[in-house]
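Peer 1: For reference, this is structure-v4.cif, and it has mmCIF, N, CA and C atoms and all ligand atoms.
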data_run
loop_
_atom_site.label_atom_id
_atom_site.label_comp_id
_atom_site.auth_asym_id
_atom_site.auth_seq_id
_atom_site.Cartn_x
_atom_site.Cartn_y
_atom_site.Cartn_z
N MET A 1 -7.71 -17.53 -33.09
CA MET A 1 -7.05 -17.38 -31.78
C MET A 1 -6.00 -18.48 -31.58
N SER A 2 -4.84 -18.12 -31.17
CA SER A 2 -3.80 -19.13 -30.95
C SER A 2 -4.06 -19.84 -29.62
N GLU A 3 -3.37 -20.94 -29.45
CA GLU A 3 -3.51 -21.70 -28.21
C GLU A 3 -3.14 -20.85 -26.98
N GLN A 4 -2.11 -20.04 -27.18
CA GLN A 4 -1.63 -19.22 -26.07
C GLN A 4 -2.70 -18.23 -25.60
N GLU A 5 -3.44 -17.66 -26.55
CA GLU A 5 -4.43 -16.66 -26.19
C GLU A 5 -5.63 -17.28 -25.45
N GLN A 6 -5.89 -18.55 -25.69
CA GLN A 6 -7.03 -19.18 -25.04
C GLN A 6 -6.76 -19.51 -23.57
N SER A 7 -5.50 -19.69 -23.24
CA SER A 7 -5.17 -20.08 -21.89
C SER A 7 -4.96 -18.86 -21.01
N SER A 8 -5.74 -18.78 -19.91
CA SER A 8 -5.58 -17.65 -19.02
C SER A 8 -4.30 -17.79 -18.20
N ALA A 9 -3.69 -18.97 -18.24
CA ALA A 9 -2.50 -19.20 -17.43
C ALA A 9 -1.21 -18.77 -18.14
N ALA A 10 -1.32 -18.28 -19.38
CA ALA A 10 -0.12 -17.87 -20.10
C ALA A 10 0.11 -16.37 -19.93
N ALA A 11 1.34 -16.02 -19.57
CA ALA A 11 1.68 -14.61 -19.44
C ALA A 11 1.70 -13.97 -20.83
N ARG A 12 1.19 -12.77 -20.92
CA ARG A 12 1.26 -12.03 -22.19
C ARG A 12 1.18 -10.54 -21.89
N ALA A 13 1.60 -9.77 -22.87
CA ALA A 13 1.52 -8.32 -22.71
C ALA A 13 0.06 -7.90 -22.75
N PHE A 14 -0.30 -6.90 -21.97
CA PHE A 14 -1.66 -6.36 -22.04
C PHE A 14 -1.66 -4.94 -21.52
N ARG A 15 -2.73 -4.23 -21.84
CA ARG A 15 -2.91 -2.89 -21.31
C ARG A 15 -4.34 -2.81 -20.81
N PHE A 16 -4.48 -2.63 -19.51
CA PHE A 16 -5.80 -2.56 -18.88
C PHE A 16 -6.09 -1.10 -18.55
N ALA A 17 -7.06 -0.53 -19.22
CA ALA A 17 -7.37 0.88 -19.03
C ALA A 17 -8.88 1.08 -19.11
N PRO A 18 -9.59 0.73 -18.02
CA PRO A 18 -11.06 0.85 -18.07
C PRO A 18 -11.48 2.31 -18.21
N PRO A 19 -12.40 2.62 -19.13
CA PRO A 19 -12.85 4.01 -19.27
C PRO A 19 -13.68 4.43 -18.07
N CYS A 20 -13.55 5.68 -17.70
CA CYS A 20 -14.28 6.24 -16.56
C CYS A 20 -15.79 6.07 -16.78
N ALA A 21 -16.50 5.57 -15.74
CA ALA A 21 -17.94 5.32 -15.85
C ALA A 21 -18.73 6.62 -15.93
N GLU A 22 -18.08 7.73 -15.58
CA GLU A 22 -18.78 9.02 -15.56
C GLU A 22 -18.58 9.78 -16.87
N CYS A 23 -17.33 9.86 -17.34
CA CYS A 23 -17.05 10.72 -18.50
C CYS A 23 -16.39 9.99 -19.67
N GLY A 24 -16.00 8.73 -19.48
CA GLY A 24 -15.45 7.96 -20.58
C GLY A 24 -13.96 8.13 -20.82
N GLN A 25 -13.32 9.06 -20.09
CA GLN A 25 -11.87 9.23 -20.21
C GLN A 25 -11.14 8.03 -19.61
N GLU A 26 -9.88 7.90 -19.98
CA GLU A 26 -9.06 6.87 -19.35
C GLU A 26 -8.72 7.28 -17.92
N GLY A 27 -8.84 6.35 -17.00
CA GLY A 27 -8.44 6.63 -15.63
C GLY A 27 -7.12 5.95 -15.34
N ALA A 28 -7.13 5.07 -14.35
CA ALA A 28 -5.92 4.33 -14.04
C ALA A 28 -5.61 3.36 -15.18
N THR A 29 -4.34 3.16 -15.47
CA THR A 29 -3.96 2.18 -16.48
C THR A 29 -2.89 1.27 -15.92
N LEU A 30 -3.01 0.02 -16.28
CA LEU A 30 -2.04 -0.98 -15.88
C LEU A 30 -1.59 -1.68 -17.15
N GLU A 31 -0.28 -1.67 -17.37
CA GLU A 31 0.22 -2.26 -18.61
C GLU A 31 1.36 -3.21 -18.29
N VAL A 32 1.35 -4.33 -18.99
CA VAL A 32 2.46 -5.27 -18.88
C VAL A 32 3.12 -5.37 -20.25
N ILE A 33 4.44 -5.24 -20.24
CA ILE A 33 5.21 -5.26 -21.48
C ILE A 33 6.03 -6.54 -21.50
N ALA A 34 5.92 -7.27 -22.58
CA ALA A 34 6.62 -8.55 -22.70
C ALA A 34 8.11 -8.31 -22.97
N PRO A 35 8.94 -9.30 -22.63
CA PRO A 35 10.37 -9.18 -22.94
C PRO A 35 10.56 -8.86 -24.42
N GLY A 36 11.36 -7.85 -24.68
CA GLY A 36 11.63 -7.46 -26.06
C GLY A 36 10.58 -6.52 -26.65
N GLY A 37 9.48 -6.29 -25.89
CA GLY A 37 8.40 -5.44 -26.41
C GLY A 37 8.52 -4.00 -25.93
N LEU A 38 7.64 -3.17 -26.46
CA LEU A 38 7.59 -1.77 -26.05
C LEU A 38 6.16 -1.47 -25.59
N PRO A 39 6.00 -0.43 -24.75
CA PRO A 39 4.64 -0.07 -24.33
C PRO A 39 3.74 0.17 -25.54
N GLU A 40 2.45 -0.16 -25.37
CA GLU A 40 1.50 -0.11 -26.47
C GLU A 40 1.36 1.29 -27.08
N ARG A 41 1.41 2.30 -26.26
CA ARG A 41 1.23 3.67 -26.75
C ARG A 41 2.58 4.37 -26.96
N TRP A 42 3.61 3.59 -27.24
CA TRP A 42 4.97 4.12 -27.33
C TRP A 42 5.05 5.33 -28.25
N ALA A 43 4.31 5.30 -29.35
CA ALA A 43 4.35 6.39 -30.33
C ALA A 43 3.92 7.72 -29.70
N ASP A 44 3.09 7.65 -28.65
CA ASP A 44 2.60 8.87 -28.00
C ASP A 44 3.50 9.33 -26.85
N TRP A 45 4.50 8.53 -26.52
CA TRP A 45 5.36 8.88 -25.38
C TRP A 45 6.27 10.04 -25.74
N SER A 46 6.59 10.87 -24.76
CA SER A 46 7.53 11.95 -24.99
C SER A 46 8.94 11.37 -25.09
N GLU A 47 9.82 12.13 -25.72
CA GLU A 47 11.24 11.73 -25.83
C GLU A 47 11.81 11.43 -24.45
N GLN A 48 11.48 12.28 -23.50
CA GLN A 48 12.03 12.16 -22.15
C GLN A 48 11.58 10.85 -21.48
N ASP A 49 10.30 10.54 -21.62
CA ASP A 49 9.78 9.31 -21.02
C ASP A 49 10.37 8.07 -21.71
N ARG A 50 10.54 8.14 -23.02
CA ARG A 50 11.14 7.01 -23.73
C ARG A 50 12.56 6.77 -23.25
N ALA A 51 13.31 7.86 -23.11
CA ALA A 51 14.70 7.73 -22.67
C ALA A 51 14.75 7.14 -21.26
N LEU A 52 13.86 7.62 -20.39
CA LEU A 52 13.81 7.10 -19.02
C LEU A 52 13.51 5.60 -19.02
N HIS A 53 12.53 5.24 -19.81
CA HIS A 53 12.13 3.83 -19.85
C HIS A 53 13.28 2.95 -20.35
N LEU A 54 13.93 3.39 -21.41
CA LEU A 54 14.99 2.57 -22.01
C LEU A 54 16.24 2.53 -21.15
N GLN A 55 16.50 3.61 -20.44
CA GLN A 55 17.70 3.64 -19.61
C GLN A 55 17.54 2.87 -18.31
N HIS A 56 16.34 2.81 -17.80
CA HIS A 56 16.16 2.27 -16.45
C HIS A 56 15.41 0.95 -16.38
N THR A 57 15.06 0.39 -17.51
CA THR A 57 14.42 -0.92 -17.46
C THR A 57 15.26 -1.90 -18.26
N ASP A 58 15.04 -3.15 -18.00
CA ASP A 58 15.71 -4.19 -18.76
C ASP A 58 14.72 -4.69 -19.81
N PRO A 59 14.90 -4.31 -21.06
CA PRO A 59 13.92 -4.66 -22.09
C PRO A 59 13.85 -6.14 -22.42
N THR A 60 14.74 -6.93 -21.83
CA THR A 60 14.66 -8.37 -22.06
C THR A 60 13.77 -9.05 -21.01
N CYS A 61 13.25 -8.25 -20.08
CA CYS A 61 12.41 -8.81 -19.00
C CYS A 61 10.98 -8.29 -19.11
N TRP A 62 10.08 -8.93 -18.35
CA TRP A 62 8.71 -8.45 -18.22
C TRP A 62 8.75 -7.17 -17.41
N ARG A 63 7.93 -6.19 -17.81
CA ARG A 63 7.84 -4.94 -17.07
C ARG A 63 6.38 -4.58 -16.83
N ARG A 64 6.15 -3.91 -15.74
CA ARG A 64 4.79 -3.49 -15.39
C ARG A 64 4.78 -1.97 -15.28
N LEU A 65 3.87 -1.34 -15.95
CA LEU A 65 3.69 0.11 -15.85
C LEU A 65 2.35 0.36 -15.19
N TYR A 66 2.33 1.25 -14.21
CA TYR A 66 1.07 1.54 -13.56
C TYR A 66 0.89 3.04 -13.42
N ARG A 67 -0.20 3.53 -13.93
CA ARG A 67 -0.54 4.92 -13.69
C ARG A 67 -1.83 4.92 -12.90
N GLY A 68 -1.72 5.26 -11.64
CA GLY A 68 -2.89 5.24 -10.78
C GLY A 68 -3.61 6.57 -10.82
N ILE A 69 -4.62 6.69 -9.95
CA ILE A 69 -5.38 7.92 -9.89
C ILE A 69 -4.51 9.03 -9.30
N VAL A 70 -3.76 8.71 -8.29
CA VAL A 70 -2.92 9.72 -7.65
C VAL A 70 -1.44 9.47 -7.95
N GLY A 71 -0.98 8.25 -7.74
CA GLY A 71 0.42 7.94 -7.96
C GLY A 71 0.59 6.93 -9.07
N GLY A 72 1.81 6.43 -9.19
CA GLY A 72 2.05 5.42 -10.20
C GLY A 72 3.52 5.15 -10.35
N SER A 73 3.84 4.31 -11.30
CA SER A 73 5.24 3.90 -11.45
C SER A 73 5.99 4.82 -12.41
N GLY A 74 5.31 5.77 -13.04
CA GLY A 74 5.98 6.66 -13.98
C GLY A 74 6.40 5.93 -15.25
N ALA A 75 7.34 6.53 -15.96
CA ALA A 75 7.73 6.01 -17.27
C ALA A 75 8.59 4.76 -17.15
N VAL A 76 9.23 4.58 -16.01
CA VAL A 76 10.18 3.49 -15.88
C VAL A 76 9.47 2.15 -15.66
N GLY A 77 8.54 2.14 -14.75
CA GLY A 77 7.84 0.89 -14.45
C GLY A 77 8.64 0.01 -13.52
N ASP A 78 8.09 -1.14 -13.25
CA ASP A 78 8.71 -2.09 -12.33
C ASP A 78 8.93 -3.41 -13.03
N PRO A 79 10.02 -4.08 -12.69
CA PRO A 79 10.19 -5.44 -13.21
C PRO A 79 9.13 -6.34 -12.59
N ILE A 80 8.67 -7.31 -13.34
CA ILE A 80 7.67 -8.24 -12.83
C ILE A 80 8.01 -9.63 -13.36
N THR A 81 7.76 -10.63 -12.55
CA THR A 81 8.06 -12.00 -12.99
C THR A 81 6.93 -12.49 -13.89
N GLU A 82 7.22 -13.54 -14.63
CA GLU A 82 6.19 -14.12 -15.49
C GLU A 82 5.01 -14.61 -14.65
N GLY A 83 5.31 -15.18 -13.50
CA GLY A 83 4.25 -15.63 -12.59
C GLY A 83 3.41 -14.46 -12.10
N GLY A 84 4.07 -13.33 -11.87
CA GLY A 84 3.37 -12.13 -11.45
C GLY A 84 2.42 -11.64 -12.52
N VAL A 85 2.83 -11.76 -13.78
CA VAL A 85 1.97 -11.36 -14.91
C VAL A 85 0.73 -12.24 -14.94
N VAL A 86 0.92 -13.55 -14.74
CA VAL A 86 -0.21 -14.49 -14.75
C VAL A 86 -1.18 -14.13 -13.63
N ARG A 87 -0.63 -13.80 -12.45
CA ARG A 87 -1.52 -13.46 -11.32
C ARG A 87 -2.32 -12.19 -11.62
N LEU A 88 -1.69 -11.23 -12.29
CA LEU A 88 -2.43 -10.01 -12.66
C LEU A 88 -3.54 -10.34 -13.64
N LEU A 89 -3.22 -11.17 -14.63
CA LEU A 89 -4.23 -11.54 -15.63
C LEU A 89 -5.40 -12.27 -14.97
N GLU A 90 -5.09 -13.12 -14.01
CA GLU A 90 -6.15 -13.87 -13.32
C GLU A 90 -7.06 -12.95 -12.52
N MET A 91 -6.49 -11.81 -12.09
CA MET A 91 -7.24 -10.84 -11.31
C MET A 91 -8.15 -9.99 -12.22
N LEU A 92 -7.71 -9.84 -13.48
CA LEU A 92 -8.43 -8.94 -14.40
C LEU A 92 -9.38 -9.67 -15.34
N GLU A 93 -9.13 -10.95 -15.58
CA GLU A 93 -9.93 -11.70 -16.56
C GLU A 93 -10.38 -13.02 -15.97
N PRO A 94 -11.57 -13.14 -15.42
CA PRO A 94 -12.55 -12.05 -15.30
C PRO A 94 -12.17 -11.09 -14.18
N PHE A 95 -12.67 -9.88 -14.27
CA PHE A 95 -12.30 -8.84 -13.32
C PHE A 95 -12.76 -9.18 -11.91
N ASP A 96 -11.82 -9.16 -10.98
CA ASP A 96 -12.09 -9.50 -9.59
C ASP A 96 -11.82 -8.27 -8.72
N LEU A 97 -12.88 -7.53 -8.46
CA LEU A 97 -12.72 -6.26 -7.75
C LEU A 97 -12.11 -6.45 -6.36
N PHE A 98 -12.47 -7.53 -5.71
CA PHE A 98 -11.97 -7.76 -4.35
C PHE A 98 -10.45 -7.98 -4.38
N ALA A 99 -9.99 -8.76 -5.36
CA ALA A 99 -8.54 -8.99 -5.49
C ALA A 99 -7.82 -7.70 -5.86
N VAL A 100 -8.42 -6.92 -6.73
CA VAL A 100 -7.82 -5.65 -7.14
C VAL A 100 -7.74 -4.70 -5.95
N GLN A 101 -8.78 -4.71 -5.13
CA GLN A 101 -8.82 -3.85 -3.95
C GLN A 101 -7.66 -4.19 -2.99
N ARG A 102 -7.37 -5.48 -2.87
CA ARG A 102 -6.28 -5.87 -1.97
C ARG A 102 -4.91 -5.55 -2.56
N ARG A 103 -4.82 -5.63 -3.89
CA ARG A 103 -3.53 -5.52 -4.55
C ARG A 103 -3.13 -4.08 -4.83
N PHE A 104 -4.10 -3.22 -5.18
CA PHE A 104 -3.81 -1.85 -5.57
C PHE A 104 -4.46 -0.89 -4.59
N TYR A 105 -3.63 -0.04 -4.00
CA TYR A 105 -4.15 0.85 -2.96
C TYR A 105 -5.26 1.75 -3.47
N ASP A 106 -5.25 2.06 -4.80
CA ASP A 106 -6.34 2.90 -5.32
C ASP A 106 -7.33 2.09 -6.16
N HIS A 107 -7.24 0.77 -6.06
CA HIS A 107 -8.18 -0.16 -6.73
C HIS A 107 -8.27 0.11 -8.23
N LEU A 108 -7.19 0.57 -8.85
CA LEU A 108 -7.19 0.88 -10.29
C LEU A 108 -8.27 1.91 -10.63
N GLY A 109 -8.55 2.77 -9.68
CA GLY A 109 -9.53 3.84 -9.93
C GLY A 109 -10.96 3.44 -9.70
N PHE A 110 -11.19 2.17 -9.31
CA PHE A 110 -12.55 1.72 -9.07
C PHE A 110 -13.05 2.21 -7.72
N CYS A 111 -14.31 2.65 -7.68
CA CYS A 111 -14.99 2.90 -6.42
C CYS A 111 -15.59 1.57 -5.99
N ILE A 112 -15.29 1.15 -4.77
CA ILE A 112 -15.74 -0.18 -4.33
C ILE A 112 -17.27 -0.26 -4.23
N PRO A 113 -17.95 0.69 -3.55
CA PRO A 113 -19.42 0.59 -3.50
C PRO A 113 -20.08 0.67 -4.88
N CYS A 114 -19.56 1.52 -5.77
CA CYS A 114 -20.14 1.63 -7.12
C CYS A 114 -19.75 0.45 -8.00
N ARG A 115 -18.64 -0.19 -7.70
CA ARG A 115 -18.05 -1.21 -8.55
C ARG A 115 -17.77 -0.67 -9.96
N LYS A 116 -17.45 0.62 -10.04
CA LYS A 116 -17.18 1.25 -11.34
C LYS A 116 -15.88 2.05 -11.26
N PRO A 117 -15.20 2.19 -12.41
CA PRO A 117 -13.97 2.99 -12.41
C PRO A 117 -14.26 4.46 -12.71
N TYR A 118 -13.51 5.33 -12.09
CA TYR A 118 -13.59 6.76 -12.40
C TYR A 118 -12.19 7.30 -12.63
N CYS A 119 -12.12 8.39 -13.39
CA CYS A 119 -10.82 8.98 -13.70
C CYS A 119 -10.45 10.04 -12.65
N LEU A 120 -9.25 10.58 -12.80
CA LEU A 120 -8.79 11.58 -11.84
C LEU A 120 -9.70 12.81 -11.83
N THR A 121 -10.23 13.17 -13.00
CA THR A 121 -11.11 14.34 -13.08
C THR A 121 -12.40 14.10 -12.29
N CYS A 122 -12.90 12.87 -12.32
CA CYS A 122 -14.19 12.60 -11.69
C CYS A 122 -14.06 12.21 -10.22
N TRP A 123 -12.92 11.66 -9.83
CA TRP A 123 -12.66 11.51 -8.40
C TRP A 123 -12.33 12.89 -7.86
N THR A 124 -12.84 13.26 -6.72
CA THR A 124 -12.39 14.48 -6.05
C THR A 124 -11.34 14.03 -5.04
N VAL A 125 -10.11 14.49 -5.24
CA VAL A 125 -9.03 14.01 -4.40
C VAL A 125 -8.50 15.13 -3.53
N SER A 126 -8.34 14.84 -2.26
CA SER A 126 -7.79 15.82 -1.33
C SER A 126 -6.99 15.10 -0.27
N ASN A 127 -5.72 15.42 -0.16
CA ASN A 127 -4.83 14.81 0.84
C ASN A 127 -4.89 13.28 0.84
N GLY A 128 -4.94 12.69 -0.32
CA GLY A 128 -4.92 11.23 -0.40
C GLY A 128 -6.29 10.60 -0.25
N ASN A 129 -7.29 11.39 0.14
CA ASN A 129 -8.65 10.86 0.21
C ASN A 129 -9.38 11.19 -1.09
N GLY A 130 -10.25 10.30 -1.49
CA GLY A 130 -10.99 10.55 -2.71
C GLY A 130 -12.48 10.40 -2.49
N TRP A 131 -13.24 11.14 -3.27
CA TRP A 131 -14.70 11.02 -3.28
C TRP A 131 -15.14 10.75 -4.70
N CYS A 132 -15.87 9.67 -4.88
CA CYS A 132 -16.35 9.33 -6.22
C CYS A 132 -17.49 10.28 -6.58
N PRO A 133 -17.93 10.28 -7.84
CA PRO A 133 -19.01 11.20 -8.23
C PRO A 133 -20.32 10.95 -7.47
N ARG A 134 -20.46 9.75 -6.85
CA ARG A 134 -21.67 9.46 -6.06
C ARG A 134 -21.47 9.78 -4.59
N GLY A 135 -20.29 10.30 -4.24
CA GLY A 135 -20.05 10.71 -2.87
C GLY A 135 -19.47 9.67 -1.95
N HIS A 136 -19.12 8.49 -2.47
CA HIS A 136 -18.45 7.50 -1.63
C HIS A 136 -17.02 7.97 -1.37
N ASP A 137 -16.57 7.84 -0.16
CA ASP A 137 -15.19 8.25 0.09
C ASP A 137 -14.27 7.06 0.27
N ASP A 138 -13.03 7.27 -0.10
CA ASP A 138 -12.05 6.20 -0.01
C ASP A 138 -10.66 6.81 0.03
N VAL A 139 -9.70 6.02 0.48
CA VAL A 139 -8.31 6.46 0.49
C VAL A 139 -7.67 6.01 -0.82
N LEU A 140 -7.13 6.96 -1.57
CA LEU A 140 -6.55 6.64 -2.87
C LEU A 140 -5.03 6.70 -2.85
N ASP A 141 -4.47 7.23 -1.81
CA ASP A 141 -3.02 7.41 -1.77
C ASP A 141 -2.52 7.04 -0.37
N PRO A 142 -1.71 5.98 -0.26
CA PRO A 142 -1.30 5.53 1.07
C PRO A 142 -0.22 6.40 1.69
N TRP A 143 0.38 7.28 0.89
CA TRP A 143 1.46 8.08 1.45
C TRP A 143 0.94 9.42 1.87
ZN ZN B 1 -14.15 10.74 -15.53
ZN ZN B 2 -18.86 5.34 -5.61
#
Output the file's structure as structure tokens, nothing else.
Ligand SMILES: [Zn+2]
Ligand SMILES: [Zn+2]
Peer 2:
Amino acid sequence: MSEQEQSSAAARAFRFAPPCAECGQEGATLEVIAPGGLPERWADWSEQDRALHLQHTDPTCWRRLYRGIVGGSGAVGDPITEGGVVRLLEMLEPFDLFAVQRRFYDHLGFCIPCRKPYCLTCWTVSNGNGWCPRGHDDVLDPW
């Protein structure tokens, strides 16, 4: 392990995609792409999404891609500062559900009472409200 990997205070690319606690599928995913880097699953991206990403992002900067349970940033993603990357890493390692709940309107797919993530298939979503497989209800979409 390099020195950089040991320090939680160093920004680095990552892909956070907790498997659904019910069925094991990927639910919400949060990815940070380092300057000069490409998304981790780039090989699986469609031509259209690749073109969108390359045309609308600055590949020399940090980028954040978010696919939530209901919404997300799409193929383009959002620019993020290096400090912003560090704050995300601090929220995820170790995982801080309370911080995630405040930061992400859909809590990265986590049900707060269960403290577990579920995918779109396992959340029952209706008009922005969601019900986890155990019947807890929550708002997953602020719009
Ligand atoms: Zn599932
Ligand atoms: Zn639940």
Peer 1: Excluding A:Thr60 and any residue of its chain fewer than 3 positions from it, enumerate the residues within 6.5 Å of it, using all atoms listed in the file, and give them as a list in words.
Peer 2: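 The contact residues come out as Ala34, Pro35, Gly36 and Thr57 of chain A.
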Peer 1: Name the residues, using the chain letters and numbers of the file, that sit within 8 Å of (8.4, -2.3, -12.6) when counting only C-alpha atoms, and give them as a list of chain:residue names.
Peer 2: A:Thr57, A:Arg63, A:Arg64, A:Leu65, A:Ser73, A:Val76, A:Gly77, A:Asp78, A:Pro79, A:Ile80
Peer 1: Identify which of the residues A:Leu92, A:Leu38, A:Cys23, A:Leu140 lies closest to ligand ZN 1 (chain B), counting all atoms listed in the file when measuring atom-to-atom distances.
Peer 2: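 Nearest to ligand ZN 1 (chain B): A:Cys23.
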Peer 1: Please give me, as a PyMOL selection string, the residues lying within 7 Å of ligand ZN 2 (chain B) when counting only N, CA and C atoms and all ligand atoms.
Peer 2: chain A and resi 110-116+131-137
Peer 1: Env of A:Phe104: 12 Å cut, atoms = only C-alpha atoms, seq-sep filter 2 positions within chain, self excluded. Answer as a PyMOL selection string.
Peer 2: chain A and resi 28-30+66-72+88+91+96-102+106-110+139-142
Peer 1: Among chain A, which ones does DSSP assign to strand (DSSP E or B) (computed from the backbone)? Answer as a count of residues only.
Peer 2: 32
Peer 1: So what do you get for atom C of A:Cys20 versus atom CA of A:Cys119, distance-wise?
Peer 2: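 These two atoms are separated by 6.5 Å.
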Peer 1: Could you give me the residues within 7 Å of ligand ZN 1 (chain B), counting only C-alpha atoms and all ligand atoms, as a ChimeraX atom specification?
Peer 2: /A:20-25,118-122
Peer 1: Restrict the selected residues to N, CA and C atoms and save them as an mmCIF file, in the coordinates of the input.
Peer 2:
data_model
loop_
_atom_site.group_PDB
_atom_site.id
_atom_site.type_symbol
_atom_site.label_atom_id
_atom_site.label_comp_id
_atom_site.auth_asym_id
_atom_site.auth_seq_id
_atom_site.Cartn_x
_atom_site.Cartn_y
_atom_site.Cartn_z
ATOM 1 N N CYS A 20 -13.550 5.680 -17.700
ATOM 2 C CA CYS A 20 -14.280 6.240 -16.560
ATOM 3 C C CYS A 20 -15.790 6.070 -16.780
ATOM 4 N N ALA A 21 -16.500 5.570 -15.740
ATOM 5 C CA ALA A 21 -17.940 5.320 -15.850
ATOM 6 C C ALA A 21 -18.730 6.620 -15.930
ATOM 7 N N GLU A 22 -18.080 7.730 -15.580
ATOM 8 C CA GLU A 22 -18.780 9.020 -15.560
ATOM 9 C C GLU A 22 -18.580 9.780 -16.870
ATOM 10 N N CYS A 23 -17.330 9.860 -17.340
ATOM 11 C CA CYS A 23 -17.050 10.720 -18.500
ATOM 12 C C CYS A 23 -16.390 9.990 -19.670
ATOM 13 N N GLY A 24 -16.000 8.730 -19.480
ATOM 14 C CA GLY A 24 -15.450 7.960 -20.580
ATOM 15 C C GLY A 24 -13.960 8.130 -20.820
ATOM 16 N N GLN A 25 -13.320 9.060 -20.090
ATOM 17 C CA GLN A 25 -11.870 9.230 -20.210
ATOM 18 C C GLN A 25 -11.140 8.030 -19.610
ATOM 19 N N TYR A 118 -13.510 5.330 -12.090
ATOM 20 C CA TYR A 118 -13.590 6.760 -12.400
ATOM 21 C C TYR A 118 -12.190 7.300 -12.630
ATOM 22 N N CYS A 119 -12.120 8.390 -13.390
ATOM 23 C CA CYS A 119 -10.820 8.980 -13.700
ATOM 24 C C CYS A 119 -10.450 10.040 -12.650
ATOM 25 N N LEU A 120 -9.250 10.580 -12.800
ATOM 26 C CA LEU A 120 -8.790 11.580 -11.840
ATOM 27 C C LEU A 120 -9.700 12.810 -11.830
ATOM 28 N N THR A 121 -10.230 13.170 -13.000
ATOM 29 C CA THR A 121 -11.110 14.340 -13.080
ATOM 30 C C THR A 121 -12.400 14.100 -12.290
ATOM 31 N N CYS A 122 -12.900 12.870 -12.320
ATOM 32 C CA CYS A 122 -14.190 12.600 -11.690
ATOM 33 C C CYS A 122 -14.060 12.210 -10.220
#
Peer 1: If you run DSSP on the backbone here, which positions in stretch 17-50 of chain A get helix (DSSP H, G or I)? Please write them as a PyMOL selection string.
Peer 2: chain A and resi 42-44+47-50
Peer 1: Atom N of A:His53 and atom C of A:Ala75 are how many Å apart?
Peer 2: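 Between atom N of A:His53 and atom C of A:Ala75 the gap works out to 4.8 Å.
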Peer 1: Given 6 Å of margin on each side, can you work out the centre and size in Å (one decimal) of an axis-aligned box holding every listed atom of stretch 18-31 of chain A, as JSON?
Peer 2:
{"center_x": -8.7, "center_y": 3.8, "center_z": -17.4, "size_x": 32.1, "size_y": 25.9, "size_z": 18.8}
Peer 1: Rounded to one decimal in Å, what is the spacing between atom CA of A:Trp123 and atom N of A:Glu93?
Peer 2: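 Interatomic distance, atom CA of A:Trp123 to atom N of A:Glu93: 23.8 Å.
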Peer 1: For stretch 11-15 of chain A, list every protein, DNA or RNA residue within 6.5 Å, evaluated using all atoms listed in the file, and leave out those in the same chain fewer than 2 positions away; present the list as a PDB file with N, CA and C atoms, in the coordinates of the input.
Peer 2:
ATOM      1  N   SER A   8      -5.740 -18.780 -19.910  1.00  0.00           N
ATOM      2  CA  SER A   8      -5.580 -17.650 -19.020  1.00  0.00           C
ATOM      3  C   SER A   8      -4.300 -17.790 -18.200  1.00  0.00           C
ATOM      4  N   ALA A   9      -3.690 -18.970 -18.240  1.00  0.00           N
ATOM      5  CA  ALA A   9      -2.500 -19.200 -17.430  1.00  0.00           C
ATOM      6  C   ALA A   9      -1.210 -18.770 -18.140  1.00  0.00           C
ATOM      7  N   ALA A  17      -7.060  -0.530 -19.220  1.00  0.00           N
ATOM      8  CA  ALA A  17      -7.370   0.880 -19.030  1.00  0.00           C
ATOM      9  C   ALA A  17      -8.880   1.080 -19.110  1.00  0.00           C
ATOM     10  N   LEU A  30      -3.010   0.020 -16.280  1.00  0.00           N
ATOM     11  CA  LEU A  30      -2.040  -0.980 -15.880  1.00  0.00           C
ATOM     12  C   LEU A  30      -1.590  -1.680 -17.150  1.00  0.00           C
ATOM     13  N   GLU A  31      -0.280  -1.670 -17.370  1.00  0.00           N
ATOM     14  CA  GLU A  31       0.220  -2.260 -18.610  1.00  0.00           C
ATOM     15  C   GLU A  31       1.360  -3.210 -18.290  1.00  0.00           C
ATOM     16  N   VAL A  32       1.350  -4.330 -18.990  1.00  0.00           N
ATOM     17  CA  VAL A  32       2.460  -5.270 -18.880  1.00  0.00           C
ATOM     18  C   VAL A  32       3.120  -5.370 -20.250  1.00  0.00           C
ATOM     19  N   ILE A  33       4.440  -5.240 -20.240  1.00  0.00           N
ATOM     20  CA  ILE A  33       5.210  -5.260 -21.480  1.00  0.00           C
ATOM     21  C   ILE A  33       6.030  -6.540 -21.500  1.00  0.00           C
ATOM     22  N   ALA A  34       5.920  -7.270 -22.580  1.00  0.00           N
ATOM     23  CA  ALA A  34       6.620  -8.550 -22.700  1.00  0.00           C
ATOM     24  C   ALA A  34       8.110  -8.310 -22.970  1.00  0.00           C
ATOM     25  N   GLU A  82       7.220 -13.540 -14.630  1.00  0.00           N
ATOM     26  CA  GLU A  82       6.190 -14.120 -15.490  1.00  0.00           C
ATOM     27  C   GLU A  82       5.010 -14.610 -14.650  1.00  0.00           C
ATOM     28  N   VAL A  85       2.830 -11.760 -13.780  1.00  0.00           N
ATOM     29  CA  VAL A  85       1.970 -11.360 -14.910  1.00  0.00           C
ATOM     30  C   VAL A  85       0.730 -12.240 -14.940  1.00  0.00           C
ATOM     31  N   VAL A  86       0.920 -13.550 -14.740  1.00  0.00           N
ATOM     32  CA  VAL A  86      -0.210 -14.490 -14.750  1.00  0.00           C
ATOM     33  C   VAL A  86      -1.180 -14.130 -13.630  1.00  0.00           C
TER      34      VAL A  86
END
Peer 1: Check the smallest atom-to-atom distance from each of A:Pro117, A:Asn129, A:Asp138, A:Asp58 to A:Phe16 using only C-alpha atoms, then report the winner.
Peer 2: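 Ranking A:Pro117, A:Asn129, A:Asp138, A:Asp58 by distance to A:Phe16, first place goes to A:Pro117.
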